[in-house]
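What follows is one structure encoded as structure tokens, with my remarks underneath.
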Amino acid sequence: MAGTEEGCVRVAAVGDVHLDADVVGRYRPALEHLGAKADLLLLAGDLTRHGTAAEAACVAREFGGLPVPVVAILGNHDYHSDEQEAVAAVLRDAGLIVLECSGTVLECRGVRVGVAGTKGFGGGFAGACASEFGEPEMKAFTSHGRELAARFGESLAELDCDVRIALTHYSPVPETLLGEPLEIYPFLGSYHLAQAIDGTPGVGLAVHGHAHAGSERGTTPGGVPVRNVAHPVIKQAYNVYQLSSVLAAA
């Protein structure tokens, strides 16, 4: 990606912080200086440990009131206790923008940056993926991921912006899963997400989490840079990526 020339937006990102009361304060010292290093912060899901509203309050304490906009999606952990709506409400009350098959546009350094987000779902990748065939349970598993990706793609396309960012929890490509057991790839991501990203012009960056033992860098078949920002992968409070509106439009 491009350097720090004019028109470049600095995108900070982290996922899988799994906050609870005993983790509050781990990230905040680094976040206090975020305004000097980034123009926005993306949170790529699994923000809580078990998906409770009480844990969401910990996330709000850690990531609320920052000097840059914070855009978040939920992950599978954030759904575990069936309190995902309450989790999202707590985060929104703290000023975070929470997306699910929806988008937002932010003005950053004179660039209109559109972010579309979804948790996404599994299903696997070319040559090793589930199909909508057989038992109703298999059909439901496969169709859920496909339908989420389709709605996510619509959200990406609807953004009125100079450059787009795709924010998911599950991975759109297998490259960022390297290090994980091959047997669990279908539960870590889906090629449907990459199809949604590649099917939308002007996507300059795709960010995801979920794969704790995966790798940071990958690329969609259409050439969009993909970054796995799960905290166990990047091993710091956040990574910063340079996003160029010129690059994304090329």
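Naming works like this for the structure tokens: A, B, ... for the chains as they're shown, residue 1 at the start of each chain, ligands 1 onward in shown order.
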Residue set, range 125-241 of chain A restricted to helix (DSSP H, G or I), as a PyMOL selection string: chain A and resi 136-158+175-177+182-187+191-198+231-234
I want to know what sits within 10 Å of range 237-242 of chain A, based on only C-alpha atoms, with residues of the same chain fewer than 6 positions away left out; could you give that as number ranges by chain? A: 1-5, 7-15, 17, 26-31, 34, 37-43, 204-205, 227, 229-231
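Using only C-alpha atoms, the nearest neighbour of Ile165 in chain A within the list A:Pro181, A:Gly114, A:Gly145, A:Gly122 is A:Gly114.
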Those of range 80-167 of chain A in DSSP strand (DSSP E or B), formatted as a VMD selection string: chain A and resid 97 to 98 102 to 108 111 to 118 124 to 125 128 to 129 163 to 167
Considering only C-alpha atoms, return as a PDB file with N, CA and C atoms, in the first residue's frame whatever protein or nucleic-acid residues lie within 6 Å of range 222-224 of chain A, sequence-local ones (same chain, fewer than 2 positions apart) excluded.
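In the end it all went to out_38.pdb:
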ATOM      1  N   ASP A 198     -14.561  -8.315  -4.219  1.00  0.00           N
ATOM      2  CA  ASP A 198     -14.070  -8.159  -5.591  1.00  0.00           C
ATOM      3  C   ASP A 198     -15.158  -7.684  -6.541  1.00  0.00           C
ATOM      4  N   THR A 219      -4.426 -11.586  -0.126  1.00  0.00           N
ATOM      5  CA  THR A 219      -4.986 -10.797  -1.217  1.00  0.00           C
ATOM      6  C   THR A 219      -6.183 -11.540  -1.782  1.00  0.00           C
ATOM      7  N   THR A 220      -7.247 -10.817  -2.093  1.00  0.00           N
ATOM      8  CA  THR A 220      -8.385 -11.455  -2.750  1.00  0.00           C
ATOM      9  C   THR A 220      -8.006 -11.835  -4.174  1.00  0.00           C
TER      10      THR A 220
END
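When only C-alpha atoms are used to compute distances to Ile73 in chain A, the closest of the residues A:Cys108, A:Val233, A:Ala196, A:Val207 turns out to be A:Val207.
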Nearby residues (only C-alpha atoms) at most 7 Å from Leu99 in chain A, same-chain spacing under 4 positions excluded, as a PyMOL selection string: chain A and resi 72-73+103+117-118
Of the candidates A:Val24, A:Leu148, A:Val115, A:Leu182, which shows the shortest atom-to-atom distance to Ala211 in chain A, using only C-alpha atoms? A:Leu182
Residue nearest Val111 in chain A - candidates A:Val23, A:Thr52, A:Ile234, A:Arg164, atoms counted: only C-alpha atoms: A:Arg164
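Put simply, CA of Leu159 in chain A is 25.2 Å away from CA of His210 in chain A.
The nearest approach to Gly123 in chain A among the residues A:Phe152, A:Phe63, A:Tyr79, A:Phe141, with only C-alpha atoms taken into account, belongs to A:Phe141.
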